[in-house]
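K.L.:
Sharing entry13.cif below, mmCIF, C-alpha atoms:
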```cif
data_coords
#
loop_
_atom_site.label_atom_id
_atom_site.label_comp_id
_atom_site.auth_asym_id
_atom_site.auth_seq_id
_atom_site.Cartn_x
_atom_site.Cartn_y
_atom_site.Cartn_z
CA MET A 838 -60.51 -15.76 30.95
CA LYS A 839 -57.69 -16.09 33.47
CA PRO A 840 -54.86 -18.63 33.08
CA ASN A 841 -56.08 -20.72 36.03
CA GLU A 842 -59.49 -20.90 34.33
CA VAL A 843 -58.11 -22.80 31.33
CA ARG A 844 -59.67 -26.23 31.67
CA ARG A 845 -59.88 -27.62 28.13
CA VAL A 846 -57.10 -27.62 25.55
CA ALA A 847 -57.38 -28.91 21.99
CA VAL A 848 -54.19 -30.08 20.27
CA LEU A 849 -54.45 -30.36 16.50
CA GLY A 850 -52.07 -32.99 15.19
CA ALA A 851 -50.94 -36.18 16.97
CA GLY A 852 -47.55 -36.42 15.29
CA VAL A 853 -44.02 -35.78 16.57
CA MET A 854 -44.86 -32.59 18.46
CA GLY A 855 -48.62 -32.85 18.97
CA HIS A 856 -48.73 -35.89 21.22
CA GLY A 857 -45.98 -34.39 23.39
CA ILE A 858 -47.84 -31.09 23.74
CA ALA A 859 -51.01 -32.98 24.66
CA GLU A 860 -49.07 -34.88 27.34
CA VAL A 861 -47.67 -31.65 28.81
CA ALA A 862 -51.15 -30.10 29.00
CA ALA A 863 -52.62 -33.24 30.58
CA ILE A 864 -49.90 -33.40 33.24
CA ALA A 865 -50.73 -29.77 34.06
CA GLY A 866 -54.32 -30.82 34.80
CA CYS A 867 -56.09 -29.84 31.57
CA GLU A 868 -58.65 -31.96 29.77
CA VAL A 869 -57.10 -32.47 26.33
CA ALA A 870 -58.73 -33.26 23.01
CA LEU A 871 -56.07 -34.69 20.68
CA TYR A 872 -57.16 -34.42 17.04
CA ASP A 873 -55.75 -35.90 13.87
CA VAL A 874 -57.11 -36.66 10.41
CA SER A 875 -55.39 -40.07 10.44
CA GLU A 876 -56.59 -42.86 12.74
CA PRO A 877 -53.18 -44.63 12.71
CA PHE A 878 -51.44 -41.35 13.64
CA LEU A 879 -53.98 -40.75 16.40
CA LYS A 880 -53.58 -44.25 17.84
CA SER A 881 -49.80 -43.97 17.65
CA GLY A 882 -49.88 -40.58 19.38
CA LEU A 883 -52.01 -41.91 22.24
CA GLU A 884 -49.75 -44.94 22.67
CA ARG A 885 -46.68 -42.72 22.78
CA ILE A 886 -48.30 -40.60 25.49
CA ARG A 887 -49.08 -43.76 27.49
CA TRP A 888 -45.49 -44.97 27.07
CA SER A 889 -43.97 -41.61 28.03
CA LEU A 890 -46.11 -41.30 31.15
CA SER A 891 -45.18 -44.85 32.17
CA LYS A 892 -41.50 -43.91 31.88
CA PHE A 893 -42.06 -40.85 34.09
CA ALA A 894 -43.74 -43.12 36.64
CA GLU A 895 -40.86 -45.64 36.50
CA LYS A 896 -38.37 -42.86 37.18
CA GLY A 897 -40.46 -41.43 40.00
CA THR A 898 -41.01 -38.10 38.23
CA VAL A 899 -44.74 -38.63 38.82
CA THR A 900 -46.60 -41.34 40.71
CA LYS A 901 -48.29 -44.09 38.74
CA GLY A 902 -51.62 -42.73 39.93
CA LYS A 903 -50.85 -39.25 38.60
CA ALA A 904 -49.62 -40.72 35.31
CA ASP A 905 -52.85 -42.71 34.93
CA GLU A 906 -54.91 -39.62 35.75
CA ALA A 907 -53.02 -37.57 33.15
CA PHE A 908 -53.58 -40.20 30.46
CA ALA A 909 -57.28 -40.35 31.32
CA ARG A 910 -57.51 -36.63 30.60
CA VAL A 911 -56.42 -37.12 26.96
CA HIS A 912 -59.25 -37.88 24.55
CA GLY A 913 -58.43 -38.77 20.96
CA THR A 914 -60.77 -37.75 18.16
CA LEU A 915 -60.96 -37.68 14.36
CA SER A 916 -63.59 -34.92 14.53
CA LEU A 917 -62.30 -31.35 14.44
CA GLU A 918 -65.64 -30.06 15.71
CA GLU A 919 -65.54 -32.39 18.70
CA ALA A 920 -61.95 -31.39 19.47
CA VAL A 921 -62.46 -27.63 19.57
CA LYS A 922 -66.13 -27.02 20.43
CA ASP A 923 -65.56 -26.60 24.20
CA SER A 924 -61.88 -25.62 24.19
CA ASP A 925 -60.42 -22.67 26.05
CA VAL A 926 -57.14 -22.91 24.11
CA VAL A 927 -56.49 -24.48 20.70
CA ILE A 928 -52.87 -25.41 19.91
CA GLU A 929 -52.05 -26.36 16.33
CA ALA A 930 -49.20 -28.82 15.70
CA ALA A 931 -49.64 -29.48 11.97
CA PRO A 932 -46.76 -29.72 9.44
CA GLU A 933 -44.83 -26.51 8.58
CA ASP A 934 -47.00 -25.49 5.64
CA VAL A 935 -48.53 -22.05 5.93
CA ASP A 936 -51.43 -22.81 3.60
CA LEU A 937 -52.29 -26.00 5.49
CA LYS A 938 -52.17 -24.18 8.81
CA ARG A 939 -54.30 -21.29 7.54
CA GLU A 940 -56.95 -23.64 6.19
CA LEU A 941 -57.03 -25.57 9.45
CA PHE A 942 -57.51 -22.39 11.48
CA ARG A 943 -60.15 -21.17 9.04
CA LYS A 944 -62.19 -24.25 9.96
CA VAL A 945 -61.43 -23.89 13.67
CA ASP A 946 -62.57 -20.25 13.58
CA ALA A 947 -66.10 -21.41 12.74
CA LEU A 948 -66.16 -24.15 15.37
CA ALA A 949 -64.36 -22.88 18.48
CA PRO A 950 -66.08 -20.94 21.29
CA THR A 951 -65.94 -17.16 21.36
CA GLY A 952 -63.03 -16.15 23.60
CA ALA A 953 -60.87 -19.20 22.88
CA VAL A 954 -57.17 -18.45 22.44
CA PHE A 955 -55.56 -19.84 19.28
CA ALA A 956 -51.90 -20.87 19.22
CA SER A 957 -49.58 -22.24 16.56
CA ASN A 958 -46.58 -24.43 17.33
CA THR A 959 -44.81 -23.24 14.18
CA SER A 960 -41.06 -22.94 14.61
CA THR A 961 -40.45 -20.37 11.88
CA LEU A 962 -43.56 -19.04 10.11
CA PRO A 963 -44.71 -15.55 11.14
CA ILE A 964 -47.76 -15.78 13.36
CA GLY A 965 -49.51 -13.06 11.38
CA GLU A 966 -49.29 -15.23 8.26
CA VAL A 967 -50.63 -18.34 10.01
CA ALA A 968 -53.47 -16.26 11.45
CA GLY A 969 -54.43 -15.22 7.93
CA GLY A 970 -57.16 -17.84 7.95
CA VAL A 971 -59.12 -16.37 10.88
CA SER A 972 -61.31 -13.33 11.43
CA SER A 973 -59.85 -10.04 12.66
CA ALA A 974 -61.42 -10.65 16.08
CA ARG A 975 -59.75 -14.07 16.34
CA ALA A 976 -56.40 -12.66 15.19
CA LYS A 977 -56.25 -10.63 18.41
CA ALA A 978 -56.33 -13.87 20.40
CA PHE A 979 -53.73 -15.62 18.22
CA VAL A 980 -50.23 -16.36 19.55
CA GLY A 981 -47.23 -18.50 18.78
CA MET A 982 -46.38 -21.29 21.24
CA HIS A 983 -43.19 -22.92 19.98
CA PHE A 984 -42.46 -26.06 22.00
CA PHE A 985 -39.16 -27.92 21.67
CA ASN A 986 -38.76 -31.60 20.90
CA PRO A 987 -39.63 -33.64 22.92
CA PRO A 988 -42.12 -31.31 24.66
CA PRO A 989 -42.42 -33.33 27.90
CA LEU A 990 -38.65 -33.17 28.44
CA MET A 991 -37.49 -29.87 26.96
CA PRO A 992 -37.73 -27.14 29.61
CA MET A 993 -38.35 -24.14 27.36
CA LEU A 994 -41.31 -22.61 25.52
CA GLU A 995 -40.93 -19.76 23.04
CA LEU A 996 -43.96 -17.43 23.06
CA ILE A 997 -44.45 -15.22 20.01
CA ARG A 998 -46.57 -12.09 19.81
CA GLY A 999 -48.29 -11.86 16.42
CA SER A 1000 -48.79 -8.57 14.65
CA GLU A 1001 -52.42 -8.41 15.89
CA THR A 1002 -52.08 -10.23 19.23
CA ASP A 1003 -53.58 -8.34 22.16
CA ASP A 1004 -51.93 -8.12 25.57
CA GLU A 1005 -54.56 -10.19 27.38
CA SER A 1006 -54.14 -13.20 25.07
CA PHE A 1007 -50.37 -13.00 25.09
CA GLN A 1008 -50.14 -12.81 28.86
CA LEU A 1009 -52.58 -15.70 29.20
CA ALA A 1010 -50.31 -17.78 26.93
CA VAL A 1011 -47.26 -16.80 28.99
CA ALA A 1012 -48.99 -17.80 32.24
CA LEU A 1013 -50.26 -21.03 30.69
CA GLY A 1014 -46.75 -21.89 29.54
CA LYS A 1015 -45.53 -21.47 33.11
CA ARG A 1016 -48.43 -23.62 34.33
CA PHE A 1017 -47.15 -26.26 31.89
CA GLY A 1018 -43.89 -26.14 33.84
CA LYS A 1019 -41.91 -24.37 31.13
CA GLU A 1020 -39.32 -21.61 31.20
CA VAL A 1021 -40.97 -19.05 28.95
CA VAL A 1022 -39.09 -16.70 26.64
CA GLU A 1023 -40.94 -13.90 24.87
CA CYS A 1024 -40.50 -13.02 21.21
CA ARG A 1025 -41.94 -9.52 21.10
CA LYS A 1026 -41.95 -9.03 17.32
CA ASP A 1027 -43.34 -11.34 14.65
CA VAL A 1028 -40.12 -12.03 12.74
CA PRO A 1029 -39.64 -15.28 10.77
CA GLY A 1030 -37.66 -17.80 12.79
CA PHE A 1031 -38.43 -15.97 16.06
CA ILE A 1032 -35.49 -16.15 18.51
CA VAL A 1033 -34.06 -19.66 18.45
CA ASN A 1034 -34.28 -20.43 14.75
CA ARG A 1035 -33.02 -17.00 13.71
CA ILE A 1036 -29.81 -18.00 15.52
CA LEU A 1037 -29.79 -21.72 14.73
CA GLY A 1038 -30.60 -21.40 11.03
CA PRO A 1039 -27.55 -19.29 10.09
CA LEU A 1040 -25.37 -21.46 12.34
CA LEU A 1041 -26.39 -24.79 10.79
CA ASN A 1042 -26.20 -23.46 7.26
CA GLU A 1043 -22.78 -21.91 7.83
CA ALA A 1044 -21.64 -25.34 9.03
CA ALA A 1045 -22.90 -26.81 5.75
CA TRP A 1046 -21.29 -24.01 3.70
CA THR A 1047 -18.02 -24.73 5.55
CA VAL A 1048 -18.12 -28.34 4.40
CA GLY A 1049 -19.21 -27.32 0.91
CA ARG A 1050 -16.24 -24.97 0.59
CA GLY A 1051 -13.88 -27.76 1.62
CA GLU A 1052 -12.84 -25.98 4.82
CA GLY A 1053 -13.69 -28.98 6.99
CA THR A 1054 -15.51 -32.31 7.05
CA VAL A 1055 -18.81 -33.09 8.74
CA GLU A 1056 -16.92 -34.89 11.53
CA GLU A 1057 -14.45 -32.02 11.98
CA VAL A 1058 -17.23 -29.43 12.30
CA ASP A 1059 -19.13 -31.59 14.77
CA SER A 1060 -16.01 -32.36 16.77
CA MET A 1061 -15.31 -28.62 17.05
CA ALA A 1062 -18.89 -27.95 18.18
CA ILE A 1063 -18.78 -30.62 20.90
CA TYR A 1064 -15.19 -30.56 22.17
CA SER A 1065 -14.10 -26.97 21.50
CA VAL A 1066 -17.37 -25.07 22.04
CA GLY A 1067 -19.13 -27.44 24.45
CA LEU A 1068 -22.39 -28.19 22.65
CA PRO A 1069 -24.18 -31.41 23.66
CA MET A 1070 -24.41 -32.49 20.01
CA GLY A 1071 -22.55 -31.81 16.82
CA LEU A 1072 -24.29 -29.41 14.43
CA PHE A 1073 -24.80 -32.06 11.75
CA GLU A 1074 -25.74 -34.59 14.42
CA LEU A 1075 -28.42 -32.13 15.58
CA ALA A 1076 -29.68 -31.74 12.00
CA ASP A 1077 -29.98 -35.53 11.70
CA TYR A 1078 -31.79 -35.73 15.04
CA SER A 1079 -34.22 -32.91 14.21
CA GLY A 1080 -34.79 -34.09 10.65
CA ILE A 1081 -32.99 -32.61 7.66
CA ASP A 1082 -36.37 -31.98 6.02
CA THR A 1083 -37.37 -29.88 9.04
CA ILE A 1084 -34.11 -27.91 8.94
CA TYR A 1085 -34.28 -27.41 5.18
CA LYS A 1086 -37.92 -26.30 5.12
CA ALA A 1087 -37.37 -23.96 8.07
CA GLY A 1088 -34.36 -22.43 6.33
CA THR A 1089 -36.15 -21.92 3.03
CA ALA A 1090 -39.19 -20.45 4.82
CA VAL A 1091 -37.05 -17.86 6.62
CA GLU A 1092 -34.87 -17.16 3.56
CA ALA A 1093 -37.98 -16.46 1.42
CA ARG A 1094 -39.17 -13.89 3.96
CA ASP A 1095 -35.84 -12.46 5.11
CA PRO A 1096 -32.84 -13.34 2.88
CA GLY A 1097 -30.60 -11.31 5.17
CA ASN A 1098 -30.93 -13.87 7.97
CA VAL A 1099 -30.04 -17.15 6.29
CA LEU A 1100 -28.69 -18.45 3.00
CA VAL A 1101 -29.65 -22.11 2.69
CA ALA A 1102 -26.62 -24.25 1.85
CA PRO A 1103 -26.68 -26.60 -1.18
CA LEU A 1104 -25.67 -29.49 1.08
CA PHE A 1105 -29.00 -29.30 2.93
CA ARG A 1106 -30.93 -29.14 -0.35
CA GLN A 1107 -28.99 -32.15 -1.66
CA LYS A 1108 -29.74 -34.28 1.41
CA PHE A 1109 -33.40 -33.23 1.31
CA GLU A 1110 -33.78 -34.14 -2.38
CA GLU A 1111 -32.01 -37.47 -1.82
CA LYS A 1112 -34.45 -38.15 1.05
CA LYS A 1113 -31.52 -38.68 3.38
CA LEU A 1114 -33.34 -36.99 6.24
CA GLY A 1115 -31.36 -38.15 9.26
CA ARG A 1116 -32.36 -40.63 11.94
CA LYS A 1117 -35.93 -40.94 10.64
CA SER A 1118 -34.72 -42.32 7.30
CA GLY A 1119 -31.66 -44.20 8.54
CA GLU A 1120 -29.19 -41.85 6.90
CA GLY A 1121 -28.46 -38.16 6.82
CA PHE A 1122 -25.02 -36.75 7.46
CA TYR A 1123 -24.40 -40.00 9.37
CA LYS A 1124 -25.79 -43.52 8.97
CA TYR A 1125 -27.98 -45.20 11.59
CA LYS A 1126 -28.99 -48.78 12.26
CA GLU A 1127 -32.72 -49.40 12.10
CA GLY A 1128 -34.28 -49.10 15.53
CA SER A 1129 -31.02 -47.89 17.06
CA TRP A 1130 -30.54 -44.60 18.90
CA GLU A 1131 -26.78 -44.88 19.12
CA ARG A 1132 -25.02 -41.60 18.53
CA PRO A 1133 -22.51 -41.31 15.69
CA VAL A 1134 -18.85 -41.62 16.61
CA ILE A 1135 -17.30 -38.15 16.46
CA PRO A 1136 -13.54 -38.17 17.13
CA ARG A 1137 -12.23 -35.71 19.71
CA GLU A 1138 -8.90 -35.39 17.88
CA ALA A 1139 -10.66 -33.66 14.96
CA SER A 1140 -11.83 -30.77 17.14
CA GLY A 1141 -9.03 -28.32 16.33
CA ARG A 1142 -9.28 -28.41 12.56
CA VAL A 1143 -12.16 -25.92 12.13
CA ASN A 1144 -12.18 -22.40 13.57
CA PRO A 1145 -15.32 -22.01 15.76
CA LEU A 1146 -15.56 -18.30 14.93
CA LYS A 1147 -16.03 -18.97 11.22
CA VAL A 1148 -18.99 -21.23 11.88
CA PHE A 1149 -20.60 -19.41 14.82
CA SER A 1150 -20.22 -15.80 13.61
CA PRO A 1151 -23.46 -15.79 11.55
CA GLY A 1152 -25.34 -16.94 14.66
CA VAL A 1153 -23.67 -14.21 16.72
CA ASN A 1154 -24.67 -11.63 14.11
CA ALA A 1155 -28.27 -12.90 14.15
CA ALA A 1156 -28.34 -12.60 17.94
CA ALA A 1157 -27.07 -9.02 17.74
CA TRP A 1158 -29.79 -8.26 15.15
CA LEU A 1159 -32.47 -9.57 17.51
CA LEU A 1160 -31.29 -7.27 20.28
CA ARG A 1161 -30.82 -4.25 18.04
CA ASN A 1162 -34.37 -4.60 16.71
CA GLY A 1163 -36.02 -5.15 20.09
CA VAL A 1164 -37.25 -8.65 19.26
CA CYS A 1165 -36.36 -9.96 22.72
CA THR A 1166 -34.40 -9.12 25.83
CA LEU A 1167 -30.78 -10.14 26.27
CA GLU A 1168 -31.83 -12.40 29.15
CA ASP A 1169 -34.44 -14.23 27.06
CA MET A 1170 -32.10 -14.60 24.10
CA GLU A 1171 -29.31 -16.12 26.18
CA LYS A 1172 -31.83 -18.37 27.95
CA SER A 1173 -33.15 -19.48 24.55
CA VAL A 1174 -29.86 -20.90 23.31
CA LYS A 1175 -29.02 -22.50 26.65
CA LEU A 1176 -32.39 -24.17 27.27
CA GLY A 1177 -33.60 -24.59 23.70
CA LEU A 1178 -30.32 -25.61 22.05
CA GLY A 1179 -28.18 -26.83 24.95
CA PHE A 1180 -25.47 -24.18 24.55
CA PRO A 1181 -23.06 -24.12 27.50
CA ASP A 1182 -23.55 -20.34 27.73
CA GLY A 1183 -25.44 -17.54 26.04
CA ILE A 1184 -24.27 -16.93 22.49
CA LEU A 1185 -23.35 -13.29 23.10
CA HIS A 1186 -21.53 -14.22 26.30
CA MET A 1187 -19.60 -16.76 24.23
CA ALA A 1188 -18.89 -14.04 21.66
CA ASP A 1189 -17.52 -11.83 24.43
CA GLY A 1190 -15.17 -14.63 25.34
CA TRP A 1191 -14.00 -15.06 21.76
CA GLY A 1192 -13.65 -11.29 21.38
CA LEU A 1193 -16.24 -9.13 19.66
CA ASP A 1194 -13.59 -7.68 17.39
CA ARG A 1195 -13.03 -11.20 16.06
CA SER A 1196 -16.68 -12.34 16.13
#
```
Please, can you express the file's structure as structure tokens?
P.N.:
Amino acid sequence: MKPNEVRRVAVLGAGVMGHGIAEVAAIAGCEVALYDVSEPFLKSGLERIRWSLSKFAEKGTVTKGKADEAFARVHGTLSLEEAVKDSDVVIEAAPEDVDLKRELFRKVDALAPTGAVFASNTSTLPIGEVAGGVSSARAKAFVGMHFFNPPPLMPMLELIRGSETDDESFQLAVALGKRFGKEVVECRKDVPGFIVNRILGPLLNEAAWTVGRGEGTVEEVDSMAIYSVGLPMGLFELADYSGIDTIYKAGTAVEARDPGNVLVAPLFRQKFEEKKLGRKSGEGFYKYKEGSWERPVIPREASGRVNPLKVFSPGVNAAAWLLRNGVCTLEDMEKSVKLGLGFPDGILHMADGWGLDRS
């Protein structure tokens, strides 16, 4: 199968990421089966796609006719068999639980057509582990497709080669990502956390360790990140936006598989156990009014109280590790942090500016 022959895509999971992935595929001209086990989740996902497409039409990004055509290509279903039976590509967007994902793919293996490419939207779990639920033949056509939130707006897609992935399937996924309108970066080795989260995880947790050691407050760290380094969001603000549960689970998943990459900070565990998960719960490192998307007030005058090098050095070290171990190219790594995380420059270019002897 060639990339331009992909006509039908199944997206498994209509939640935060799934409905966005379905929208991206539909805009690209694919017929999309959007599956979920929950009817309320499925209805909500379809409504969010409709709303998002209407916003694109209002802004002139697409015509109303094209938006209506894209929505008509999305078909919701509560039947896994119906979702995958005619699919060329199956993209899983289930919660970050390796056992849940394996079991889901075990079922898909028995239902999907021979030759279908399987993809997981996991942000941290090794693709080889997720593919543990499929046959050896299927594992060759199994890739990682890590979209960023929200998928219709974020320009980047991280493609991960699993330990068994063959070249044909990987290159089809790369070409399909470009057809989706994404800037594709390639993770060539199946390491936990891939490119972006191997850099982000140590960075966020070092920020939390900094606060835990009394070397700065949440506001001082975030002020430094925004006004001294040039990030679009503070580090704790980003954690609140992404979901502290997501950050915590990703960190523990990577730490369990590679303790040398990240040491999860007690502050993240505390927030997770207190169910203070960020915007979704109304409180995380900051407090939020219900239904409000106002950003927290982060004072510029606090920006000089925390040394950027102390917080960013673990991320710099992780980036150097990725290069040294041939996980990705320098170009793709620098593109990853700029497009995936909104960094003003590549992290190693920033380190050059700070001075490698100090980083």
K.L.:
Let me know the residues the PyMOL selection byres ((chain A and resi 1006) around 8) catches in the file above, as number ranges by chain.
P.N.:
A: 954, 977-980, 1002-1005, 1007-1010
K.L.:
Selected residues, C-alpha atoms, written as an mmCIF file, in the frame of the given file, please.
P.N.:
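Saved to selection.cif:
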```cif
data_model
loop_
_atom_site.group_PDB
_atom_site.id
_atom_site.type_symbol
_atom_site.label_atom_id
_atom_site.label_comp_id
_atom_site.auth_asym_id
_atom_site.auth_seq_id
_atom_site.Cartn_x
_atom_site.Cartn_y
_atom_site.Cartn_z
ATOM 1 C CA VAL A 954 -57.170 -18.450 22.440
ATOM 2 C CA LYS A 977 -56.250 -10.630 18.410
ATOM 3 C CA ALA A 978 -56.330 -13.870 20.400
ATOM 4 C CA PHE A 979 -53.730 -15.620 18.220
ATOM 5 C CA VAL A 980 -50.230 -16.360 19.550
ATOM 6 C CA THR A 1002 -52.080 -10.230 19.230
ATOM 7 C CA ASP A 1003 -53.580 -8.340 22.160
ATOM 8 C CA ASP A 1004 -51.930 -8.120 25.570
ATOM 9 C CA GLU A 1005 -54.560 -10.190 27.380
ATOM 10 C CA PHE A 1007 -50.370 -13.000 25.090
ATOM 11 C CA GLN A 1008 -50.140 -12.810 28.860
ATOM 12 C CA LEU A 1009 -52.580 -15.700 29.200
ATOM 13 C CA ALA A 1010 -50.310 -17.780 26.930
#
```
K.L.:
Using all atoms listed in the file for the distances, tell me which of A:Val926, A:Ala1155, A:Ala894, A:Ala1093 is nearest to A:Pro1039.
P.N.:
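Of the candidates, the smallest distance to A:Pro1039 is held by A:Ala1155.
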K.L.:
Just how far from atom CA of A:Glu995 is atom CA of A:Thr900, in Å to one decimal?
P.N.:
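Going from atom CA of A:Thr900 over to atom CA of A:Glu995, I get 28.5 Å.
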K.L.:
Could you pull the residues within 9 Å of A:Gly913, counting all atoms listed in the file, minus those fewer than 3 positions along the same chain, as a VMD selection string?
P.N.:
chain A and resid 851 869 to 873 879 to 880 882 to 883 920
K.L.:
If the PyMOL selection byres ((chain A and resi 1104) around 12) were run on this exact file, what residues would it hold? Put them as a compact mmCIF listing (two decimals) with C-alpha atoms, in the frame of the given file.
P.N.:
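Saved to expr-v2.txt:
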```
# COMPACT_ATOMS: atom_id res chain seq x y z
CA LEU A 1041 -26.39 -24.79 10.79
CA ASN A 1042 -26.20 -23.46 7.26
CA GLU A 1043 -22.78 -21.91 7.83
CA ALA A 1044 -21.64 -25.34 9.03
CA ALA A 1045 -22.90 -26.81 5.75
CA TRP A 1046 -21.29 -24.01 3.70
CA THR A 1047 -18.02 -24.73 5.55
CA VAL A 1048 -18.12 -28.34 4.40
CA GLY A 1049 -19.21 -27.32 0.91
CA ARG A 1050 -16.24 -24.97 0.59
CA GLY A 1051 -13.88 -27.76 1.62
CA VAL A 1055 -18.81 -33.09 8.74
CA PHE A 1073 -24.80 -32.06 11.75
CA ALA A 1076 -29.68 -31.74 12.00
CA ILE A 1081 -32.99 -32.61 7.66
CA ILE A 1084 -34.11 -27.91 8.94
CA TYR A 1085 -34.28 -27.41 5.18
CA LEU A 1100 -28.69 -18.45 3.00
CA VAL A 1101 -29.65 -22.11 2.69
CA ALA A 1102 -26.62 -24.25 1.85
CA PRO A 1103 -26.68 -26.60 -1.18
CA PHE A 1105 -29.00 -29.30 2.93
CA ARG A 1106 -30.93 -29.14 -0.35
CA GLN A 1107 -28.99 -32.15 -1.66
CA LYS A 1108 -29.74 -34.28 1.41
CA PHE A 1109 -33.40 -33.23 1.31
CA GLU A 1110 -33.78 -34.14 -2.38
CA GLU A 1111 -32.01 -37.47 -1.82
CA LYS A 1113 -31.52 -38.68 3.38
CA LEU A 1114 -33.34 -36.99 6.24
CA GLY A 1121 -28.46 -38.16 6.82
CA PHE A 1122 -25.02 -36.75 7.46
```
K.L.:
Could you check the closest approach to A:Gly1097 for each of A:Pro1069, A:Gly1038, A:Tyr1123, A:Ser875 and tell me which residue wins, using all atoms listed in the file?
P.N.:
A:Gly1038
K.L.:
Provide stretch 946-961 of chain A rebuilt to N, CA and C atoms, formatted as a PDB file, in the coordinates of the input.
P.N.:
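Just written: result.pdb:
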```pdb
ATOM      1  N   ASP A 946     -61.930 -21.538  13.309  1.00  0.00           N
ATOM      2  CA  ASP A 946     -62.570 -20.250  13.580  1.00  0.00           C
ATOM      3  C   ASP A 946     -64.090 -20.399  13.653  1.00  0.00           C
ATOM      4  N   ALA A 947     -64.639 -21.245  12.783  1.00  0.00           N
ATOM      5  CA  ALA A 947     -66.100 -21.410  12.740  1.00  0.00           C
ATOM      6  C   ALA A 947     -66.626 -22.364  13.802  1.00  0.00           C
ATOM      7  N   LEU A 948     -65.728 -23.102  14.442  1.00  0.00           N
ATOM      8  CA  LEU A 948     -66.160 -24.150  15.370  1.00  0.00           C
ATOM      9  C   LEU A 948     -65.859 -23.858  16.837  1.00  0.00           C
ATOM     10  N   ALA A 949     -64.807 -23.099  17.102  1.00  0.00           N
ATOM     11  CA  ALA A 949     -64.360 -22.880  18.480  1.00  0.00           C
ATOM     12  C   ALA A 949     -65.227 -21.849  19.199  1.00  0.00           C
ATOM     13  N   PRO A 950     -65.287 -21.907  20.528  1.00  0.00           N
ATOM     14  CA  PRO A 950     -66.080 -20.940  21.290  1.00  0.00           C
ATOM     15  C   PRO A 950     -65.514 -19.524  21.173  1.00  0.00           C
ATOM     16  N   THR A 951     -66.379 -18.552  21.286  1.00  0.00           N
ATOM     17  CA  THR A 951     -65.940 -17.160  21.360  1.00  0.00           C
ATOM     18  C   THR A 951     -65.059 -17.008  22.609  1.00  0.00           C
ATOM     19  N   GLY A 952     -63.926 -16.345  22.463  1.00  0.00           N
ATOM     20  CA  GLY A 952     -63.030 -16.150  23.600  1.00  0.00           C
ATOM     21  C   GLY A 952     -61.915 -17.160  23.689  1.00  0.00           C
ATOM     22  N   ALA A 953     -61.955 -18.210  22.870  1.00  0.00           N
ATOM     23  CA  ALA A 953     -60.870 -19.200  22.880  1.00  0.00           C
ATOM     24  C   ALA A 953     -59.593 -18.560  22.333  1.00  0.00           C
ATOM     25  N   VAL A 954     -58.466 -18.920  22.919  1.00  0.00           N
ATOM     26  CA  VAL A 954     -57.170 -18.450  22.440  1.00  0.00           C
ATOM     27  C   VAL A 954     -56.622 -19.470  21.447  1.00  0.00           C
ATOM     28  N   PHE A 955     -56.151 -18.979  20.303  1.00  0.00           N
ATOM     29  CA  PHE A 955     -55.560 -19.840  19.280  1.00  0.00           C
ATOM     30  C   PHE A 955     -54.042 -19.730  19.353  1.00  0.00           C
ATOM     31  N   ALA A 956     -53.362 -20.864  19.184  1.00  0.00           N
ATOM     32  CA  ALA A 956     -51.900 -20.870  19.220  1.00  0.00           C
ATOM     33  C   ALA A 956     -51.358 -21.799  18.147  1.00  0.00           C
ATOM     34  N   SER A 957     -50.267 -21.394  17.530  1.00  0.00           N
ATOM     35  CA  SER A 957     -49.580 -22.240  16.560  1.00  0.00           C
ATOM     36  C   SER A 957     -48.229 -22.653  17.112  1.00  0.00           C
ATOM     37  N   ASN A 958     -47.882 -23.915  16.909  1.00  0.00           N
ATOM     38  CA  ASN A 958     -46.580 -24.430  17.330  1.00  0.00           C
ATOM     39  C   ASN A 958     -45.531 -24.279  16.227  1.00  0.00           C
ATOM     40  N   THR A 959     -45.800 -23.450  15.230  1.00  0.00           N
ATOM     41  CA  THR A 959     -44.810 -23.240  14.180  1.00  0.00           C
ATOM     42  C   THR A 959     -43.470 -22.811  14.768  1.00  0.00           C
ATOM     43  N   SER A 960     -42.401 -23.287  14.130  1.00  0.00           N
ATOM     44  CA  SER A 960     -41.060 -22.940  14.610  1.00  0.00           C
ATOM     45  C   SER A 960     -40.449 -21.787  13.837  1.00  0.00           C
ATOM     46  N   THR A 961     -41.069 -21.392  12.720  1.00  0.00           N
ATOM     47  CA  THR A 961     -40.450 -20.370  11.880  1.00  0.00           C
ATOM     48  C   THR A 961     -41.445 -19.397  11.239  1.00  0.00           C
TER      49      THR A 961
END
```
